[in-house]
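Student: Next up, upload-v2.pdb (PDB, C-alpha atoms and all ligand atoms).
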ATOM      1  CA  MET A  16     101.294  43.282  63.101
ATOM      2  CA  ASN A  17      98.989  43.325  66.096
ATOM      3  CA  SER A  18      97.685  46.590  67.505
ATOM      4  CA  VAL A  19     100.470  46.880  70.086
ATOM      5  CA  ASP A  20     103.111  46.555  67.358
ATOM      6  CA  ILE A  21     101.340  49.097  65.174
ATOM      7  CA  ARG A  22     101.183  51.532  68.041
ATOM      8  CA  ASN A  23     104.861  51.030  68.808
ATOM      9  CA  ALA A  24     105.738  51.508  65.135
ATOM     10  CA  LYS A  25     103.790  54.779  65.052
ATOM     11  CA  LEU A  26     105.510  55.991  68.208
ATOM     12  CA  ALA A  27     108.895  55.031  66.775
ATOM     13  CA  LEU A  28     108.110  57.272  63.801
ATOM     14  CA  ALA A  29     107.203  60.090  66.161
ATOM     15  CA  PHE A  30     110.476  59.539  68.028
ATOM     16  CA  GLN A  31     112.412  59.741  64.772
ATOM     17  CA  ALA A  32     110.702  62.952  63.728
ATOM     18  CA  LEU A  33     111.389  64.556  67.110
ATOM     19  CA  ASN A  34     114.979  63.331  67.257
ATOM     20  CA  THR A  35     116.360  66.273  65.299
ATOM     21  CA  SER A  36     119.921  65.700  66.525
ATOM     22  CA  GLY A  37     119.879  62.084  65.324
ATOM     23  CA  SER A  38     121.294  60.752  68.611
ATOM     24  CA  GLY A  39     119.945  57.683  70.380
ATOM     25  CA  TYR A  40     117.761  59.659  72.763
ATOM     26  CA  LEU A  41     115.627  62.788  72.813
ATOM     27  CA  SER A  42     116.694  65.993  74.530
ATOM     28  CA  SER A  43     115.129  69.349  75.305
ATOM     29  CA  ALA A  44     117.253  70.763  72.454
ATOM     30  CA  ASP A  45     115.559  68.372  70.011
ATOM     31  CA  PHE A  46     112.189  69.668  71.142
ATOM     32  CA  GLU A  47     113.302  73.293  70.796
ATOM     33  CA  THR A  48     114.561  72.639  67.276
ATOM     34  CA  TYR A  49     111.373  70.832  66.349
ATOM     35  CA  ALA A  50     109.273  73.739  67.650
ATOM     36  CA  LYS A  51     111.352  76.282  65.722
ATOM     37  CA  THR A  52     111.299  74.350  62.459
ATOM     38  CA  THR A  53     107.555  73.817  62.676
ATOM     39  CA  ALA A  54     106.890  77.451  63.571
ATOM     40  CA  ASP A  55     108.937  78.554  60.551
ATOM     41  CA  ARG A  56     107.109  76.188  58.260
ATOM     42  CA  LEU A  57     103.719  77.460  59.442
ATOM     43  CA  HIS A  58     104.879  81.094  59.201
ATOM     44  CA  CYS A  59     104.001  81.629  62.860
ATOM     45  CA  ASP A  60     104.137  85.110  64.323
ATOM     46  CA  ALA A  61     106.170  85.560  67.526
ATOM     47  CA  GLU A  62     103.220  84.808  69.798
ATOM     48  CA  ARG A  63     102.275  81.588  68.031
ATOM     49  CA  ALA A  64     105.890  80.474  67.835
ATOM     50  CA  ARG A  65     106.166  81.017  71.587
ATOM     51  CA  GLU A  66     102.974  79.055  72.237
ATOM     52  CA  LEU A  67     104.317  76.125  70.249
ATOM     53  CA  SER A  68     107.685  76.200  71.928
ATOM     54  CA  GLU A  69     106.069  76.365  75.397
ATOM     55  CA  ALA A  70     103.837  73.433  74.483
ATOM     56  CA  MET A  71     106.831  71.396  73.358
ATOM     57  CA  ARG A  72     108.582  72.221  76.640
ATOM     58  CA  ALA A  73     105.524  71.086  78.608
ATOM     59  CA  TRP A  74     105.460  67.756  76.787
ATOM     60  CA  TRP A  75     109.211  67.388  77.270
ATOM     61  CA  ARG A  76     108.823  67.864  81.029
ATOM     62  CA  GLN A  77     106.223  65.072  81.121
ATOM     63  CA  LEU A  78     108.449  62.718  79.151
ATOM     64  CA  GLU A  79     111.552  63.519  81.161
ATOM     65  CA  GLU A  80     109.743  63.068  84.435
ATOM     66  CA  HIS A  81     108.381  59.728  83.326
ATOM     67  CA  ALA A  82     111.578  58.341  81.812
ATOM     68  CA  LYS A  83     113.805  59.147  84.826
ATOM     69  CA  GLY A  84     116.811  58.716  82.541
ATOM     70  CA  PRO A  85     117.710  58.991  78.852
ATOM     71  CA  VAL A  86     114.598  59.294  76.671
ATOM     72  CA  THR A  87     115.401  56.448  74.299
ATOM     73  CA  VAL A  88     112.840  55.165  71.828
ATOM     74  CA  ILE A  89     111.681  52.564  74.366
ATOM     75  CA  ALA A  90     111.463  55.102  77.187
ATOM     76  CA  PHE A  91     109.565  57.452  74.856
ATOM     77  CA  THR A  92     107.120  54.759  73.756
ATOM     78  CA  ASN A  93     106.421  53.719  77.336
ATOM     79  CA  ALA A  94     106.033  57.303  78.502
ATOM     80  CA  VAL A  95     103.551  58.147  75.748
ATOM     81  CA  ARG A  96     101.571  54.949  76.263
ATOM     82  CA  GLU A  97     101.318  55.411  79.996
ATOM     83  CA  GLY A  98     100.643  59.107  79.527
ATOM     84  CA  MET A  99      97.674  58.320  77.297
ATOM     85  CA  ASP A 100      96.396  55.928  79.966
ATOM     86  CA  ALA A 101      96.799  58.610  82.631
ATOM     87  CA  GLY A 102      93.719  60.450  81.369
ATOM     88  CA  ASP A 103      92.565  63.763  79.970
ATOM     89  CA  ALA A 104      94.368  66.134  82.316
ATOM     90  CA  HIS A 105      97.738  64.576  81.545
ATOM     91  CA  TYR A 106      97.024  64.739  77.818
ATOM     92  CA  ASP A 107      95.837  68.338  78.032
ATOM     93  CA  GLN A 108      99.078  69.343  79.755
ATOM     94  CA  GLY A 109     101.298  67.738  77.129
ATOM     95  CA  ILE A 110     100.355  66.637  73.633
ATOM     96  CA  GLY A 111      97.047  68.499  73.871
ATOM     97  CA  LYS A 112      98.922  71.786  74.356
ATOM     98  CA  ILE A 113     100.895  71.107  71.191
ATOM     99  CA  VAL A 114      97.708  70.394  69.283
ATOM    100  CA  ASP A 115      96.272  73.706  70.516
ATOM    101  CA  ALA A 116      99.381  75.532  69.342
ATOM    102  CA  LEU A 117      99.328  73.792  65.957
ATOM    103  CA  VAL A 118      95.652  74.580  65.518
ATOM    104  CA  HIS A 119      96.227  78.255  66.333
ATOM    105  CA  ALA A 120      99.067  78.325  63.835
ATOM    106  CA  ALA A 121      97.361  76.360  61.064
ATOM    107  CA  ASP A 122      93.880  77.889  61.212
ATOM    108  CA  ARG A 123      95.182  81.293  60.299
ATOM    109  CA  ASN A 124      91.805  83.003  59.835
ATOM    110  CA  GLY A 125      90.393  81.419  63.022
ATOM    111  CA  ASP A 126      87.212  80.055  61.444
ATOM    112  CA  GLY A 127      87.613  76.585  62.961
ATOM    113  CA  ILE A 128      88.619  75.077  59.633
ATOM    114  CA  ILE A 129      92.057  74.002  58.487
ATOM    115  CA  SER A 130      91.839  74.559  54.746
ATOM    116  CA  GLU A 131      93.801  72.540  52.196
ATOM    117  CA  GLN A 132      96.099  75.526  51.719
ATOM    118  CA  ASP A 133      96.652  75.794  55.484
ATOM    119  CA  TYR A 134      97.294  72.077  55.662
ATOM    120  CA  LEU A 135      99.892  72.109  52.896
ATOM    121  CA  LEU A 136     102.053  74.491  54.943
ATOM    122  CA  PHE A 137     102.826  71.595  57.275
ATOM    123  CA  PHE A 138     104.724  69.962  54.444
ATOM    124  CA  GLU A 139     106.524  72.986  53.077
ATOM    125  CA  GLY A 140     110.206  72.254  52.689
ATOM    126  CA  THR A 141     109.736  68.505  53.201
ATOM    127  CA  ALA A 142     110.020  65.733  50.648
ATOM    128  CA  ALA A 143     106.240  65.264  50.592
ATOM    129  CA  ASP A 144     104.439  66.025  47.352
ATOM    130  CA  GLU A 145     101.126  67.834  47.333
ATOM    131  CA  ALA A 146      99.034  64.847  46.225
ATOM    132  CA  THR A 147     100.357  62.687  49.067
ATOM    133  CA  ALA A 148      99.821  65.472  51.564
ATOM    134  CA  LEU A 149      96.242  65.991  50.421
ATOM    135  CA  GLU A 150      95.570  62.270  50.715
ATOM    136  CA  GLY A 151      96.349  62.714  54.401
ATOM    137  CA  TYR A 152      93.993  65.693  54.534
ATOM    138  CA  ARG A 153      91.145  63.546  53.230
ATOM    139  CA  LYS A 154      91.849  60.846  55.820
ATOM    140  CA  LEU A 155      91.745  63.377  58.608
ATOM    141  CA  ASP A 156      88.426  64.688  57.282
ATOM    142  CA  LEU A 157      86.586  62.096  59.341
ATOM    143  CA  ASN A 158      83.042  62.871  58.117
ATOM    144  CA  ALA A 159      84.308  63.156  54.515
ATOM    145  CA  ASP A 160      82.581  66.471  53.802
ATOM    146  CA  GLY A 161      85.715  67.819  52.127
ATOM    147  CA  VAL A 162      86.597  70.137  55.007
ATOM    148  CA  LEU A 163      88.954  69.482  57.924
ATOM    149  CA  THR A 164      87.642  71.070  61.088
ATOM    150  CA  VAL A 165      89.783  71.823  64.115
ATOM    151  CA  GLU A 166      87.751  69.231  66.028
ATOM    152  CA  GLU A 167      88.470  66.519  63.460
ATOM    153  CA  PHE A 168      92.145  67.385  63.693
ATOM    154  CA  ARG A 169      92.125  67.137  67.500
ATOM    155  CA  LYS A 170      90.351  63.816  67.373
ATOM    156  CA  ALA A 171      92.692  62.367  64.773
ATOM    157  CA  VAL A 172      95.849  63.303  66.691
ATOM    158  CA  ARG A 173      94.442  61.789  69.826
ATOM    159  CA  GLN A 174      93.637  58.570  67.989
ATOM    160  CA  PHE A 175      97.170  58.446  66.649
ATOM    161  CA  TYR A 176      98.668  58.496  70.133
ATOM    162  CA  SER A 177      96.085  56.165  71.645
ATOM    163  CA  ALA A 178      95.717  52.514  70.724
ATOM    164  CA  GLU A 179      93.568  53.255  67.675
ATOM    165  CA  GLY A 180      94.703  53.649  64.085
ATOM    166  CA  VAL A 181      94.652  56.750  61.850
ATOM    167  CA  GLU A 182      98.116  56.809  60.322
ATOM    168  CA  ALA A 183      97.460  60.100  58.598
ATOM    169  CA  ALA A 184      97.000  61.976  61.849
ATOM    170  CA  GLY A 185     100.508  61.132  62.905
ATOM    171  CA  SER A 186     101.842  62.269  59.595
ATOM    172  CA  PHE A 187     100.103  65.547  60.171
ATOM    173  CA  LEU A 188     101.587  66.045  63.603
ATOM    174  CA  LEU A 189     105.017  64.929  62.462
ATOM    175  CA  GLY A 190     104.874  67.197  59.437
ATOM    176  CA  ASN A 191     106.046  64.514  57.055
ATOM    177  CA  PRO A 192     103.790  61.831  55.576
ATOM    178  CA  LEU A 193     106.811  60.016  54.198
ATOM    179  CA  ALA A 194     108.599  59.712  57.531
TER
HETATM  180 CA    CA A 201      90.736  78.511  58.690
HETATM  181 CA    CA A 202      85.027  67.195  57.843
END
Can the structure from this file be put into structure tokens for me?
Ligand SMILES: [Ca+2]
Ligand SMILES: [Ca+2]
Tutor:
Amino acid sequence: MNSVDIRNAKLALAFQALNTSGSGYLSSADFETYAKTTADRLHCDAERARELSEAMRAWWRQLEEHAKGPVTVIAFTNAVREGMDAGDAHYDQGIGKIVDALVHAADRNGDGIISEQDYLLFFEGTAADEATALEGYRKLDLNADGVLTVEEFRKAVRQFYSAEGVEAAGSFLLGNPLA
């Protein structure tokens, strides 16, 4: 696969994970469900759950506005690709907001580090086993010092949605390394 194909394959996985209703296109209800499920998994308090759900709504608005019709997998892929090309402000208003919410939820003691225990919450109730999940943790730990910082997490998610690689980051965001 060339890099365009790899990117499209990654985005197709993201589409699948977000498509909670299993229909051929995404809807605002899918995004609401995804936000709720993720908030439950991370044991979010009401404020953090609301932050995540608002972030998902913000991203949904971007996608909907771009697609100008049903958000099929192709429309989704194009919207994300062009959104990434649109620059920092666009990112910060969409996916970046979700990353902020996830970071606030995952880094429960607010020390700037997502511990292995914090990280494993992302996979609670999924088919992923702990060893596989922790493999992802080590990939996200970009400087390989054994600790995943919030900054490494931000960087990895951004790489997932841009043209670069980092499969594990997507798994993290999608909450399922086996997706
Ligand atoms: Ca922490
Ligand atoms: Ca590190």
Student: Let me have all residues with an atom within 8 Å of ligand CA 202 (chain A), counting all atoms listed in the file, laid out as a list of chain:residue names.
Tutor: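 Here is the list of contacting residues: A:Leu155, A:Asp156, A:Leu157, A:Asn158, A:Ala159, A:Asp160, A:Gly161, A:Val162, A:Leu163, A:Thr164, A:Glu167.
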Student: Can you pull out every residue with an atom within 10 Å of ligand CA 201 (chain A)? Use only C-alpha atoms and all ligand atoms and format it as a compact mmCIF listing (two decimals) with C-alpha atoms, keeping the file's coordinate frame.
Tutor:
# COMPACT_ATOMS: atom_id res chain seq x y z
CA VAL A 118 95.65 74.58 65.52
CA HIS A 119 96.23 78.26 66.33
CA ALA A 120 99.07 78.32 63.84
CA ALA A 121 97.36 76.36 61.06
CA ASP A 122 93.88 77.89 61.21
CA ARG A 123 95.18 81.29 60.30
CA ASN A 124 91.80 83.00 59.84
CA GLY A 125 90.39 81.42 63.02
CA ASP A 126 87.21 80.06 61.44
CA GLY A 127 87.61 76.58 62.96
CA ILE A 128 88.62 75.08 59.63
CA ILE A 129 92.06 74.00 58.49
CA SER A 130 91.84 74.56 54.75
CA GLU A 131 93.80 72.54 52.20
CA GLN A 132 96.10 75.53 51.72
CA ASP A 133 96.65 75.79 55.48
CA TYR A 134 97.29 72.08 55.66
CA LEU A 163 88.95 69.48 57.92
CA THR A 164 87.64 71.07 61.09
CA VAL A 165 89.78 71.82 64.11
Student: Can you tell me how far CA of Trp74 in chain A sits from CA of Ser38 in chain A, in Å to one decimal?
Tutor: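 Separating CA of Trp74 in chain A from CA of Ser38 in chain A is a distance of 19.1 Å.
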Student: Mind giving me the straight-line distance from CA of Phe30 in chain A to CA of Ile110 in chain A in Å, one decimal?
Tutor: 13.6 Å
Student: Taking (118.3, 58.0, 75.7) in the coordinates of the supplied file, I want to know which residues reach to within 12 Å of it, counting only C-alpha atoms; could you give the answer as a list in words?
Tutor: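 Looking at atoms near the point gives Phe30, Asn34, Gly37, Ser38, Gly39, Tyr40, Leu41, Ser42, Ser43, Leu78, Glu79, Ala82, Lys83, Gly84, Pro85, Val86, Thr87, Val88, Ile89, Ala90, Phe91 and Thr92 of chain A.
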Student: Please indicate the distance in Å from CA of Ala27 in chain A to CA of Phe175 in chain A, rounded to one decimal place.
Tutor: 12.2 Å
Student: Tell me which of A:Gly109, A:Lys51, A:Arg96, A:Arg173 sits closest to Val19 in chain A, counting all atoms listed in the file.
Tutor: A:Arg96
Student: Which is closest to Ala70 in chain A among A:Leu57, A:Ala116, A:Met99, A:Ala94, if we use all atoms listed in the file?
Tutor: A:Ala116
Student: Smallest atom-to-atom distance to Leu117 in chain A: which of A:Ala73, A:Ala32, A:Ala50, A:Ala171, using all atoms listed in the file?
Tutor: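 Using all atoms listed in the file, Leu117 in chain A sits closest to A:Ala50.
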Student: Excluding same-chain residues fewer than 6 positions from Val95 in chain A, what lies within 9 Å of it counting only C-alpha atoms, as a list of chain:residue names?
Tutor: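 Close residues of Val95 in chain A: A:Leu26, A:Leu78, A:Tyr176, A:Ser177.
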Student: Excluding same-chain residues fewer than 4 positions from Leu135 in chain A, what lies within 8 Å of it counting all atoms listed in the file, as a list in words?
Tutor: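 Near neighbours after the sequence-gap exclusion: Glu131, Glu139, Glu145, Ala148 and Leu149 of chain A.
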Student: Applying 9 Å and only C-alpha atoms, which residues near Leu33 in chain A remain after dropping the ones on its own chain fewer than 6 positions away? List them as JSON, numbers by chain.
Tutor: {"A": [41, 45, 46, 48, 49, 189]}
